[in-house]
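Engineer: This is the structure I want to talk about, given as structure tokens.
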Amino acid sequence: MSDIIHLLSDSVANQIAAGEVIQRPASVVKELVENAIDAGATKILIHVKDAGRTLIQVSDNGKGMSPTDARMAFERHATSKINDAGDLFSIRTMGFRGEALASIASVADVEMKTKSENDEIGTFIHISGSELISQEATATTSGTTFCVKNLFYNVPARRKFLKTNATEIRHIMNEIQRVALANPSISFSLYHNDSPIYDLPADNLKKRIVHIFGNSIGNNLVPIEVETSIAHIKGFIGDPKMSRRSFGEQFFFVNGRYMKHPFFHKAIMQGYEKIMPRELVPAYFINFTVEASSIDINIHPTKTEIKFENESAVWQLLQAAVREGLGKFNVIPSIDFDQEGSIDIPLLTKSPHDISMPQVRIDPTYNPFQHDKSVQVSSRGFSNHPEKTDAENWEKLYGEPRQNETPFADTENEQSSFLSHDENTPVESGRNLLQIKNKYILTPVKSGLMVIDQRRAHQRILFEQFMVTLTNEEGYCQQLLFPQTIELNHADAVLFETMMPDLNAIGFDIREFGPGTYIINGTPGFIDDTNVKHIIETAFAQYKESNGNIKDETKEKLATSLAIASSISYGQTLTSEEAGSLIDSLFACQTPNYSPTGKPVIEIIKLDEMEKRFK
Ligand code: ADP
Ligand code: MG
């Protein structure tokens, strides 16, 4: 038998390597920008066209290359950054595998102009699909410019795998954010199809954060810092009030390089545990400076996950730094529910002029002897919270409403817009509730007037119910009399099928009914089933929008989407029982103060605030 084993040609070997290093336009941007930083650049300019599909151009004012180095740079395992294996343990530069340029040149058309400061004349090189097309001397300024054109022109499978321009440019922006935050003293500009996206002057870290994320975040950061022999931890953490549901403003760096570190992320989350709704994530920008030999940056091919030698010691340091930083916000007492006495919930931020007069609606058909409570709206499970429906919970928290002190005393019945206020219902007695604009529920509390956003309150209640059923997978299903169908295009169908098992686990009965067609046979008892198709479609749209890449958040995303899609809306008149049970269920929730998307549900207009207005 003849021999069948042979060595791969360089261009094939490079393409295989490229598969690992170059996944999308953003990977090219990352590699080129990191090289520019390693070359000592202080100014880096990035131009992309069509989200990097047709052009990625990166120019720097770094040290440039000699004509020989310029050619060598494109060889595999060609690097100026390590000489022997020992260097691997003390590497401080960005790239070190000598693979990036070879990989890029194997899957694109690459032109490079470079000149080192000491040389009179520069070098121009054109390489396409690993093949040298031309190399010539050229006049150019010191530094290096790469032009990467038609990425993946010779790898159709990769090209097809690319997402929409919006997604690809998002990835590019993420890469730029990471390097720009790690290197605030270097100026960066990013242009997409000739419009500027970032124009970041060299500055300190705080100003860099503001340039990227805006003033609102910059005004809500406190510095943290600890220095020990193990590590020097320095950076900023965000005000818990500014926290959001989604990831996006969380950055760790180690020795000036972006890293992901789920374990350290947990250390921060624990620091915020009691002062922020569980679904939110605070902003943070933290750099760890450690001995290069005490970390292993090579455990992951794209090198963002990093292993620390003293992980648990660093964890402790980090957590201490975060706790100390949080102390500076003075926020801990303000939303700590275990605290005695009055609770300091942020006041309405609106100016006094924005607060409209309560609207009084009188129902001429109101008949106090008629005990029909379902005229206005069917009660949708406000009070079937699985754990606790302790009506006194909220009163304990916010101070008991004291009837004799409130302007809504006995005559309140006629003033309120609640249509079937029934004095015989024990739950209602002593409770002053007023719905205004069919949007807010008002009630006096010890420290003033509590205002509850009815829609957000209902979202919070439903969210927690959905989370419980999703976690226990104990959904109860009610069959629909008239099953409904949903039709989806191919891409949506793929995503919908990832959502379906969870939907069915909470009590929906949805099945595939031919390609792209799904039939809803049943729903969980506690949602409005006249609207089921709309609820599923809205929930799916929400789900699609929030579809990041954090898998374990799927249940929360689904619960949020469903809660938003099936909550009562503004403009919905509530009976007083409904409002009462809405409030009870709200205060039986774990996190009543915030909607599942992190918006405030409850505001308190304080007595002294009112007094001020009457001065
Ligand atoms: P690595 O960065 O891992 O060394 P690369 O393939 O990214 O490998 O680059 C190969 C070499 O080309 C680098 O080691 C460096 O010497 C040189 N080089 C690449 N980009 C630049 C640049 N912008 N300025 C100066 N030299 C560069
Ligand atoms: Mg490199």
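Please note that chains go A, B, ... in the order of the structure tokens, that every chain numbers its residues from 1, and that ligands are numbered from 1 in the order shown.
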As a PDB file with N, CA and C atoms, in the first residue's frame, please: the residues near Tyr258 (chain A) (cut-off 10 Å, only C-alpha atoms, same-chain neighbours under 3 positions excluded).
Structural biologist:
ATOM      1  N   MET A  94       0.400  41.636  24.753  1.00  0.00           N
ATOM      2  CA  MET A  94      -0.945  41.178  24.428  1.00  0.00           C
ATOM      3  C   MET A  94      -0.944  39.837  23.725  1.00  0.00           C
ATOM      4  N   GLU A 175     -14.963  44.757  21.547  1.00  0.00           N
ATOM      5  CA  GLU A 175     -13.508  44.587  21.589  1.00  0.00           C
ATOM      6  C   GLU A 175     -12.822  45.923  21.843  1.00  0.00           C
ATOM      7  N   GLN A 177     -14.103  48.572  23.264  1.00  0.00           N
ATOM      8  CA  GLN A 177     -14.354  48.974  24.655  1.00  0.00           C
ATOM      9  C   GLN A 177     -13.337  48.333  25.584  1.00  0.00           C
ATOM     10  N   ARG A 178     -13.125  47.039  25.401  1.00  0.00           N
ATOM     11  CA  ARG A 178     -12.227  46.322  26.306  1.00  0.00           C
ATOM     12  C   ARG A 178     -10.812  46.881  26.253  1.00  0.00           C
ATOM     13  N   VAL A 179     -10.258  47.012  25.042  1.00  0.00           N
ATOM     14  CA  VAL A 179      -8.875  47.509  24.988  1.00  0.00           C
ATOM     15  C   VAL A 179      -8.811  48.972  25.386  1.00  0.00           C
ATOM     16  N   ALA A 180      -9.848  49.731  25.041  1.00  0.00           N
ATOM     17  CA  ALA A 180      -9.802  51.161  25.358  1.00  0.00           C
ATOM     18  C   ALA A 180      -9.873  51.370  26.866  1.00  0.00           C
ATOM     19  N   LEU A 181     -10.661  50.548  27.555  1.00  0.00           N
ATOM     20  CA  LEU A 181     -10.743  50.688  29.010  1.00  0.00           C
ATOM     21  C   LEU A 181      -9.458  50.207  29.682  1.00  0.00           C
ATOM     22  N   ALA A 182      -8.823  49.222  29.074  1.00  0.00           N
ATOM     23  CA  ALA A 182      -7.581  48.722  29.667  1.00  0.00           C
ATOM     24  C   ALA A 182      -6.419  49.669  29.398  1.00  0.00           C
ATOM     25  N   PHE A 251     -16.240  44.967  33.739  1.00  0.00           N
ATOM     26  CA  PHE A 251     -14.932  44.750  33.130  1.00  0.00           C
ATOM     27  C   PHE A 251     -13.880  44.422  34.176  1.00  0.00           C
ATOM     28  N   PHE A 252     -13.233  43.296  33.977  1.00  0.00           N
ATOM     29  CA  PHE A 252     -12.049  42.957  34.758  1.00  0.00           C
ATOM     30  C   PHE A 252     -10.850  43.023  33.822  1.00  0.00           C
ATOM     31  N   PHE A 253      -9.747  43.483  34.353  1.00  0.00           N
ATOM     32  CA  PHE A 253      -8.506  43.465  33.586  1.00  0.00           C
ATOM     33  C   PHE A 253      -7.429  42.880  34.463  1.00  0.00           C
ATOM     34  N   VAL A 254      -6.522  42.151  33.852  1.00  0.00           N
ATOM     35  CA  VAL A 254      -5.378  41.701  34.625  1.00  0.00           C
ATOM     36  C   VAL A 254      -4.131  42.160  33.892  1.00  0.00           C
ATOM     37  N   ASN A 255      -3.288  42.863  34.588  1.00  0.00           N
ATOM     38  CA  ASN A 255      -2.095  43.476  34.007  1.00  0.00           C
ATOM     39  C   ASN A 255      -2.418  44.170  32.684  1.00  0.00           C
ATOM     40  N   HIS A 261     -13.868  36.580  34.404  1.00  0.00           N
ATOM     41  CA  HIS A 261     -13.589  35.815  35.602  1.00  0.00           C
ATOM     42  C   HIS A 261     -14.866  35.595  36.399  1.00  0.00           C
ATOM     43  N   ILE A 286     -12.411  47.011  36.929  1.00  0.00           N
ATOM     44  CA  ILE A 286     -11.399  46.704  37.943  1.00  0.00           C
ATOM     45  C   ILE A 286     -10.166  46.063  37.328  1.00  0.00           C
ATOM     46  N   ASN A 287      -9.031  46.627  37.655  1.00  0.00           N
ATOM     47  CA  ASN A 287      -7.775  46.065  37.160  1.00  0.00           C
ATOM     48  C   ASN A 287      -7.019  45.372  38.288  1.00  0.00           C
ATOM     49  N   LYS A 303      -7.992  33.440  24.997  1.00  0.00           N
ATOM     50  CA  LYS A 303      -7.240  34.073  26.069  1.00  0.00           C
ATOM     51  C   LYS A 303      -8.021  35.114  26.868  1.00  0.00           C
ATOM     52  N   THR A 304      -9.300  34.887  27.133  1.00  0.00           N
ATOM     53  CA  THR A 304      -9.978  35.846  28.006  1.00  0.00           C
ATOM     54  C   THR A 304     -10.215  35.265  29.383  1.00  0.00           C
ATOM     55  N   GLU A 305     -10.086  33.940  29.513  1.00  0.00           N
ATOM     56  CA  GLU A 305     -10.263  33.380  30.850  1.00  0.00           C
ATOM     57  C   GLU A 305      -8.901  33.111  31.453  1.00  0.00           C
ATOM     58  N   ILE A 306      -8.719  33.558  32.634  1.00  0.00           N
ATOM     59  CA  ILE A 306      -7.381  33.561  33.215  1.00  0.00           C
ATOM     60  C   ILE A 306      -7.385  32.917  34.588  1.00  0.00           C
TER      61      ILE A 306
END
Engineer: Quick one: residues within 12 Å of Asn35 (chain A), only C-alpha atoms, excluding same-chain residues fewer than 3 positions away - as a ChimeraX atom specification?
Structural biologist: /A:28-32,38-41,44,58-65,73,79-81,93-101,143-146,179
Engineer: Export, as an mmCIF file, in the first residue's frame, the selected residues with N, CA and C atoms.
Structural biologist:
data_model
loop_
_atom_site.group_PDB
_atom_site.id
_atom_site.type_symbol
_atom_site.label_atom_id
_atom_site.label_comp_id
_atom_site.auth_asym_id
_atom_site.auth_seq_id
_atom_site.Cartn_x
_atom_site.Cartn_y
_atom_site.Cartn_z
ATOM 1 N N VAL A 28 -10.350 40.057 14.139
ATOM 2 C CA VAL A 28 -9.282 40.726 13.395
ATOM 3 C C VAL A 28 -8.966 42.065 14.058
ATOM 4 N N VAL A 29 -10.030 42.809 14.378
ATOM 5 C CA VAL A 29 -9.842 44.097 15.024
ATOM 6 C C VAL A 29 -9.049 43.915 16.313
ATOM 7 N N LYS A 30 -9.442 42.933 17.092
ATOM 8 C CA LYS A 30 -8.771 42.695 18.375
ATOM 9 C C LYS A 30 -7.281 42.418 18.171
ATOM 10 N N GLU A 31 -6.955 41.506 17.270
ATOM 11 C CA GLU A 31 -5.553 41.140 17.076
ATOM 12 C C GLU A 31 -4.732 42.326 16.578
ATOM 13 N N LEU A 32 -5.285 43.070 15.607
ATOM 14 C CA LEU A 32 -4.517 44.189 15.055
ATOM 15 C C LEU A 32 -4.324 45.284 16.089
ATOM 16 N N ASP A 38 1.106 46.662 21.576
ATOM 17 C CA ASP A 38 2.422 46.072 21.862
ATOM 18 C C ASP A 38 3.542 46.842 21.176
ATOM 19 N N ALA A 39 3.208 47.475 20.049
ATOM 20 C CA ALA A 39 4.236 48.226 19.327
ATOM 21 C C ALA A 39 4.424 49.619 19.924
ATOM 22 N N GLY A 40 3.769 49.871 21.048
ATOM 23 C CA GLY A 40 3.971 51.135 21.747
ATOM 24 C C GLY A 40 3.193 52.311 21.174
ATOM 25 N N ALA A 41 2.134 52.034 20.427
ATOM 26 C CA ALA A 41 1.365 53.127 19.827
ATOM 27 C C ALA A 41 0.685 53.966 20.907
ATOM 28 N N ILE A 44 -4.431 55.100 17.975
ATOM 29 C CA ILE A 44 -4.849 53.988 17.113
ATOM 30 C C ILE A 44 -6.163 54.367 16.429
ATOM 31 N N VAL A 58 -6.542 49.301 10.372
ATOM 32 C CA VAL A 58 -6.039 49.715 11.680
ATOM 33 C C VAL A 58 -4.695 50.406 11.487
ATOM 34 N N SER A 59 -4.635 51.670 11.902
ATOM 35 C CA SER A 59 -3.376 52.422 11.775
ATOM 36 C C SER A 59 -2.858 52.772 13.152
ATOM 37 N N ASP A 60 -1.535 52.681 13.312
ATOM 38 C CA ASP A 60 -0.969 53.076 14.600
ATOM 39 C C ASP A 60 0.287 53.906 14.388
ATOM 40 N N ASN A 61 0.691 54.593 15.448
ATOM 41 C CA ASN A 61 1.930 55.369 15.399
ATOM 42 C C ASN A 61 3.011 54.688 16.243
ATOM 43 N N GLY A 62 2.966 53.356 16.249
ATOM 44 C CA GLY A 62 3.930 52.586 17.048
ATOM 45 C C GLY A 62 5.283 52.465 16.372
ATOM 46 N N LYS A 63 6.050 51.495 16.831
ATOM 47 C CA LYS A 63 7.451 51.471 16.420
ATOM 48 C C LYS A 63 7.690 50.950 15.007
ATOM 49 N N GLY A 64 6.673 50.406 14.362
ATOM 50 C CA GLY A 64 6.836 49.966 12.978
ATOM 51 C C GLY A 64 7.757 48.763 12.831
ATOM 52 N N MET A 65 7.987 48.369 11.559
ATOM 53 C CA MET A 65 8.821 47.185 11.316
ATOM 54 C C MET A 65 9.845 47.466 10.224
ATOM 55 N N ALA A 73 6.686 38.862 9.746
ATOM 56 C CA ALA A 73 5.523 38.979 10.633
ATOM 57 C C ALA A 73 4.379 38.057 10.217
ATOM 58 N N THR A 79 7.114 35.725 15.893
ATOM 59 C CA THR A 79 6.783 36.709 16.914
ATOM 60 C C THR A 79 8.055 37.353 17.427
ATOM 61 N N SER A 80 7.931 38.612 17.819
ATOM 62 C CA SER A 80 9.080 39.268 18.426
ATOM 63 C C SER A 80 8.932 39.227 19.942
ATOM 64 N N LYS A 81 7.900 38.529 20.402
ATOM 65 C CA LYS A 81 7.539 38.694 21.814
ATOM 66 C C LYS A 81 8.009 37.582 22.742
ATOM 67 N N THR A 93 3.010 41.141 27.233
ATOM 68 C CA THR A 93 2.402 41.793 26.078
ATOM 69 C C THR A 93 1.082 41.120 25.755
ATOM 70 N N MET A 94 0.400 41.636 24.753
ATOM 71 C CA MET A 94 -0.945 41.178 24.428
ATOM 72 C C MET A 94 -0.944 39.837 23.725
ATOM 73 N N GLY A 95 -0.285 39.818 22.568
ATOM 74 C CA GLY A 95 -0.285 38.563 21.825
ATOM 75 C C GLY A 95 1.068 37.929 22.020
ATOM 76 N N PHE A 96 1.161 36.629 21.831
ATOM 77 C CA PHE A 96 2.489 36.044 21.957
ATOM 78 C C PHE A 96 2.579 34.763 21.162
ATOM 79 N N ARG A 97 1.525 34.414 20.449
ATOM 80 C CA ARG A 97 1.587 33.114 19.796
ATOM 81 C C ARG A 97 2.104 33.198 18.370
ATOM 82 N N GLY A 98 2.264 34.432 17.912
ATOM 83 C CA GLY A 98 2.797 34.600 16.567
ATOM 84 C C GLY A 98 1.900 34.003 15.508
ATOM 85 N N GLU A 99 0.610 33.973 15.756
ATOM 86 C CA GLU A 99 -0.298 33.307 14.842
ATOM 87 C C GLU A 99 -1.256 34.256 14.152
ATOM 88 N N ALA A 100 -1.460 35.420 14.766
ATOM 89 C CA ALA A 100 -2.553 36.267 14.317
ATOM 90 C C ALA A 100 -2.386 36.709 12.870
ATOM 91 N N LEU A 101 -1.256 37.296 12.543
ATOM 92 C CA LEU A 101 -1.102 37.825 11.190
ATOM 93 C C LEU A 101 -1.142 36.700 10.151
ATOM 94 N N GLY A 143 5.217 54.011 11.846
ATOM 95 C CA GLY A 143 4.056 53.290 12.367
ATOM 96 C C GLY A 143 3.592 52.263 11.358
ATOM 97 N N THR A 144 2.417 51.700 11.607
ATOM 98 C CA THR A 144 1.962 50.599 10.770
ATOM 99 C C THR A 144 0.478 50.758 10.445
ATOM 100 N N THR A 145 0.120 50.449 9.215
ATOM 101 C CA THR A 145 -1.293 50.421 8.835
ATOM 102 C C THR A 145 -1.606 49.089 8.181
ATOM 103 N N PHE A 146 -2.624 48.423 8.700
ATOM 104 C CA PHE A 146 -3.110 47.182 8.095
ATOM 105 C C PHE A 146 -4.449 47.442 7.429
ATOM 106 N N VAL A 179 -10.258 47.012 25.042
ATOM 107 C CA VAL A 179 -8.875 47.509 24.988
ATOM 108 C C VAL A 179 -8.811 48.972 25.386
#
Engineer: Would you kindly return, as a short mmCIF file (atom, residue, chain, number, x, y, z; two decimals) with N, CA, C and O atoms, in the first residue's frame, each protein, DNA or RNA residue with an atom no farther than 8 Å from any atom of region 316-318 of chain A, considering only C-alpha atoms and excluding same-chain residues fewer than 4 positions away?
Structural biologist:
data_model
loop_
_atom_site.label_atom_id
_atom_site.label_comp_id
_atom_site.auth_asym_id
_atom_site.auth_seq_id
_atom_site.Cartn_x
_atom_site.Cartn_y
_atom_site.Cartn_z
N VAL A 226 -7.06 48.27 46.73
CA VAL A 226 -6.29 47.60 47.79
C VAL A 226 -4.95 47.21 47.22
O VAL A 226 -4.86 46.80 46.06
N ILE A 233 -5.30 45.79 43.48
CA ILE A 233 -6.62 45.85 42.84
C ILE A 233 -7.06 47.30 42.84
O ILE A 233 -7.08 47.96 43.88
N PHE A 264 -14.59 35.79 40.25
CA PHE A 264 -14.46 37.13 40.83
C PHE A 264 -15.75 37.94 40.64
O PHE A 264 -16.08 38.78 41.46
N ALA A 267 -17.76 37.35 43.52
CA ALA A 267 -17.30 38.09 44.70
C ALA A 267 -17.96 39.46 44.73
O ALA A 267 -18.42 39.94 45.78
N ILE A 268 -18.07 40.07 43.56
CA ILE A 268 -18.69 41.40 43.50
C ILE A 268 -20.19 41.31 43.76
O ILE A 268 -20.75 42.07 44.53
N SER A 312 -8.27 32.35 45.79
CA SER A 312 -9.16 32.63 46.91
C SER A 312 -8.67 33.83 47.72
O SER A 312 -9.48 34.59 48.25
N VAL A 322 -14.68 45.89 47.55
CA VAL A 322 -16.03 46.25 47.10
C VAL A 322 -16.88 46.72 48.28
O VAL A 322 -17.57 47.75 48.20
#
Engineer: Pull the closest atom pair for each residue of region 12-131 of chain A that gets at most 12 Å from region 194-204 of chain A, along with the distance in Å to one decimal, counting only C-alpha atoms, ordering rows by chain and then ascending residue number, as a Markdown table.
Structural biologist:
| residue | atom | partner | partner_atom | distance |
| --- | --- | --- | --- | --- |
| A:Ala41 | CA | A:Ala202 | CA | 11.7 |
| A:Thr42 | CA | A:Ala202 | CA | 8.1 |
| A:Lys43 | CA | A:Ala202 | CA | 8.4 |
| A:Ile44 | CA | A:Leu200 | CA | 9.9 |
| A:Leu45 | CA | A:Asp199 | CA | 9.1 |
| A:Ile46 | CA | A:Tyr198 | CA | 9.6 |
| A:His47 | CA | A:Asp194 | CA | 7.2 |
| A:Val48 | CA | A:Asp194 | CA | 7.9 |
| A:Lys49 | CA | A:Asp194 | CA | 7.8 |
| A:Asp50 | CA | A:Asp194 | CA | 10.3 |
| A:Ala51 | CA | A:Asp194 | CA | 11.4 |
| A:Leu55 | CA | A:Asp194 | CA | 11.5 |
| A:Ile56 | CA | A:Asp194 | CA | 11.9 |
| A:Gln57 | CA | A:Asp194 | CA | 11.7 |
Engineer: How would the residues just picked look written out with all heavy atoms as a CSV table (one decimal), in the first residue's frame?
Structural biologist:
chain,number,residue,atom,x,y,z
A,41,ALA,N,2.1,52.0,20.4
A,41,ALA,CA,1.4,53.1,19.8
A,41,ALA,C,0.7,54.0,20.9
A,41,ALA,O,0.3,53.5,22.0
A,41,ALA,CB,0.3,52.6,18.9
A,42,THR,N,0.5,55.3,20.6
A,42,THR,CA,-0.2,56.1,21.5
A,42,THR,C,-1.5,56.6,20.9
A,42,THR,O,-2.4,57.2,21.5
A,42,THR,CB,0.6,57.4,22.0
A,42,THR,OG1,0.9,58.1,20.7
A,42,THR,CG2,1.8,57.0,22.7
A,43,LYS,N,-1.6,56.3,19.6
A,43,LYS,CA,-2.8,56.7,18.8
A,43,LYS,C,-3.2,55.6,17.9
A,43,LYS,O,-2.4,55.1,17.1
A,43,LYS,CB,-2.4,57.9,18.0
A,43,LYS,CG,-3.4,59.1,18.1
A,43,LYS,CD,-2.7,60.3,17.4
A,43,LYS,CE,-3.7,61.1,16.6
A,43,LYS,NZ,-4.9,61.5,17.0
A,44,ILE,N,-4.4,55.1,18.0
A,44,ILE,CA,-4.8,54.0,17.1
A,44,ILE,C,-6.2,54.4,16.4
A,44,ILE,O,-7.1,54.8,17.1
A,44,ILE,CB,-5.0,52.7,17.9
A,44,ILE,CG1,-3.7,52.3,18.6
A,44,ILE,CG2,-5.5,51.5,17.1
A,44,ILE,CD1,-3.7,51.1,19.5
A,45,LEU,N,-6.2,54.2,15.1
A,45,LEU,CA,-7.3,54.6,14.3
A,45,LEU,C,-7.9,53.4,13.6
A,45,LEU,O,-7.2,52.7,12.9
A,45,LEU,CB,-6.9,55.7,13.3
A,45,LEU,CG,-7.9,56.1,12.3
A,45,LEU,CD1,-9.1,56.8,13.0
A,45,LEU,CD2,-7.2,57.1,11.3
A,46,ILE,N,-9.2,53.1,13.8
A,46,ILE,CA,-9.8,52.0,13.2
A,46,ILE,C,-10.9,52.4,12.3
A,46,ILE,O,-11.8,53.1,12.7
A,46,ILE,CB,-10.3,51.0,14.3
A,46,ILE,CG1,-9.2,50.7,15.3
A,46,ILE,CG2,-10.9,49.7,13.7
A,46,ILE,CD1,-9.5,51.1,16.7
A,47,HIS,N,-10.9,51.9,11.1
A,47,HIS,CA,-12.0,52.2,10.1
A,47,HIS,C,-12.5,50.8,9.7
A,47,HIS,O,-11.8,50.0,9.3
A,47,HIS,CB,-11.4,52.8,8.8
A,47,HIS,CG,-11.4,54.3,8.9
A,47,HIS,ND1,-12.6,55.0,8.6
A,47,HIS,CD2,-10.4,55.2,9.1
A,47,HIS,CE1,-12.3,56.3,8.7
A,47,HIS,NE2,-11.0,56.4,9.0
A,48,VAL,N,-13.8,50.6,9.8
A,48,VAL,CA,-14.4,49.4,9.2
A,48,VAL,C,-15.5,49.7,8.3
A,48,VAL,O,-16.2,50.8,8.4
A,48,VAL,CB,-14.9,48.4,10.3
A,48,VAL,CG1,-13.8,48.0,11.2
A,48,VAL,CG2,-16.0,49.1,11.2
A,49,LYS,N,-15.7,48.9,7.3
A,49,LYS,CA,-16.8,49.0,6.3
A,49,LYS,C,-17.6,47.8,6.4
A,49,LYS,O,-17.1,46.6,6.5
A,49,LYS,CB,-16.2,49.2,4.9
A,49,LYS,CG,-15.5,50.5,4.7
A,49,LYS,CD,-16.1,51.4,3.6
A,49,LYS,CE,-15.8,52.8,3.8
A,49,LYS,NZ,-14.5,53.3,3.3
A,50,ASP,N,-18.9,47.9,6.3
A,50,ASP,CA,-19.9,46.8,6.4
A,50,ASP,C,-19.5,45.9,7.5
A,50,ASP,O,-19.4,44.7,7.3
A,50,ASP,CB,-19.9,46.0,5.1
A,50,ASP,CG,-20.1,47.0,3.9
A,50,ASP,OD1,-21.0,47.8,4.0
A,50,ASP,OD2,-19.4,46.9,2.9
A,51,ALA,N,-19.4,46.5,8.7
A,51,ALA,CA,-19.1,45.7,9.9
A,51,ALA,C,-17.9,44.8,9.8
A,51,ALA,O,-17.7,43.8,10.5
A,51,ALA,CB,-20.3,44.9,10.3
A,55,LEU,N,-14.0,45.8,4.7
A,55,LEU,CA,-12.7,46.4,5.1
A,55,LEU,C,-12.5,46.6,6.6
A,55,LEU,O,-13.5,46.9,7.3
A,55,LEU,CB,-12.6,47.8,4.5
A,55,LEU,CG,-11.4,48.6,4.9
A,55,LEU,CD1,-10.1,48.1,4.2
A,55,LEU,CD2,-11.6,50.1,4.6
A,56,ILE,N,-11.3,46.2,7.1
A,56,ILE,CA,-10.9,46.6,8.5
A,56,ILE,C,-9.6,47.2,8.3
A,56,ILE,O,-8.6,46.6,7.8
A,56,ILE,CB,-10.8,45.3,9.3
A,56,ILE,CG1,-12.1,44.6,9.5
A,56,ILE,CG2,-10.2,45.7,10.7
A,56,ILE,CD1,-12.0,43.2,10.0
A,57,GLN,N,-9.5,48.5,8.7
A,57,GLN,CA,-8.2,49.2,8.6
A,57,GLN,C,-7.8,49.7,10.0
A,57,GLN,O,-8.5,50.3,10.7
A,57,GLN,CB,-8.3,50.3,7.6
A,57,GLN,CG,-7.0,51.1,7.4
A,57,GLN,CD,-7.2,52.2,6.5
A,57,GLN,OE1,-7.9,52.1,5.5
A,57,GLN,NE2,-6.5,53.3,6.8
Engineer: Can you tell me, as a ChimeraX atom specification, what residues are no more than 12 Å from Gln23 (chain A) when counting only C-alpha atoms, ignoring any on the same chain fewer than 5 positions away?
Structural biologist: /A:15-18,28-31,100,103-104,107,151-152,155,157-163,168,171-172,301-302
Engineer: Quick one: pull the distance between atom 19 (C, counted along the ligand's line) of ligand 1 and CA of Asp69 (chain A), Å, one decimal.
Structural biologist: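 CA of Asp69 (chain A) lies at a distance of 9.0 Å from atom 19 (C, counted along the ligand's line) of ligand 1.
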Engineer: Need the shell around Asn310 (chain A): protein/DNA/RNA residues with any atom at most 10 Å away, counting only C-alpha atoms. Skip same-chain ones fewer than 2 positions apart. Format as a PDB file with N, CA and C atoms, in the first residue's frame?
Structural biologist:
ATOM      1  N   ILE A 230       0.153  40.180  47.176  1.00  0.00           N
ATOM      2  CA  ILE A 230      -0.422  39.238  46.196  1.00  0.00           C
ATOM      3  C   ILE A 230      -0.933  39.963  44.964  1.00  0.00           C
ATOM      4  N   ALA A 231      -1.606  41.067  45.201  1.00  0.00           N
ATOM      5  CA  ALA A 231      -2.212  41.766  44.075  1.00  0.00           C
ATOM      6  C   ALA A 231      -2.468  43.216  44.424  1.00  0.00           C
ATOM      7  N   SER A 294       2.271  34.653  38.234  1.00  0.00           N
ATOM      8  CA  SER A 294       1.251  34.074  39.112  1.00  0.00           C
ATOM      9  C   SER A 294      -0.090  33.879  38.406  1.00  0.00           C
ATOM     10  N   ILE A 295      -0.128  34.116  37.101  1.00  0.00           N
ATOM     11  CA  ILE A 295      -1.357  33.836  36.353  1.00  0.00           C
ATOM     12  C   ILE A 295      -1.035  32.988  35.138  1.00  0.00           C
ATOM     13  N   LYS A 307      -6.416  32.089  34.799  1.00  0.00           N
ATOM     14  CA  LYS A 307      -6.330  31.360  36.065  1.00  0.00           C
ATOM     15  C   LYS A 307      -5.308  32.045  36.972  1.00  0.00           C
ATOM     16  N   PHE A 308      -5.744  32.341  38.200  1.00  0.00           N
ATOM     17  CA  PHE A 308      -4.848  32.964  39.175  1.00  0.00           C
ATOM     18  C   PHE A 308      -4.303  31.915  40.128  1.00  0.00           C
ATOM     19  N   SER A 312      -8.270  32.345  45.791  1.00  0.00           N
ATOM     20  CA  SER A 312      -9.161  32.634  46.915  1.00  0.00           C
ATOM     21  C   SER A 312      -8.672  33.830  47.723  1.00  0.00           C
ATOM     22  N   ALA A 313      -7.365  34.037  47.771  1.00  0.00           N
ATOM     23  CA  ALA A 313      -6.869  35.225  48.468  1.00  0.00           C
ATOM     24  C   ALA A 313      -7.284  36.480  47.710  1.00  0.00           C
ATOM     25  N   VAL A 314      -7.185  36.435  46.372  1.00  0.00           N
ATOM     26  CA  VAL A 314      -7.564  37.598  45.571  1.00  0.00           C
ATOM     27  C   VAL A 314      -9.066  37.865  45.731  1.00  0.00           C
ATOM     28  N   TRP A 315      -9.849  36.800  45.775  1.00  0.00           N
ATOM     29  CA  TRP A 315     -11.289  36.911  45.982  1.00  0.00           C
ATOM     30  C   TRP A 315     -11.591  37.706  47.257  1.00  0.00           C
TER      31      TRP A 315
END
Engineer: Pick out the residues sitting within 10 Å of region 490-499 of chain A, and hand them over as a list in words; count only C-alpha atoms, and ignore anything fewer than 2 positions along from it in its own chain.
Structural biologist: Glu487, Leu488, Pro501, Asp502, Leu503, Asn504, Arg511, Glu512, Pro515, Gly516, Thr517, Tyr518, Phe540, Ala541, Tyr543, Lys544, Asn547, Thr554, Lys555, Lys557 and Leu558 of chain A
Engineer: State, in Å with one decimal place, the distance from CA of Leu582 (chain A) to CA of Ala457 (chain A).
Structural biologist: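 Distance reported for this atom pair: 7.4 Å.
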Engineer: From the options A:Thr597, A:Gln478, A:Ser142, A:Gln465, which residue's atoms come nearest to ligand 1, counting only C-alpha atoms and all ligand atoms?
Structural biologist: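 Looking at the shortest contact to ligand 1, the residue is A:Ser142.
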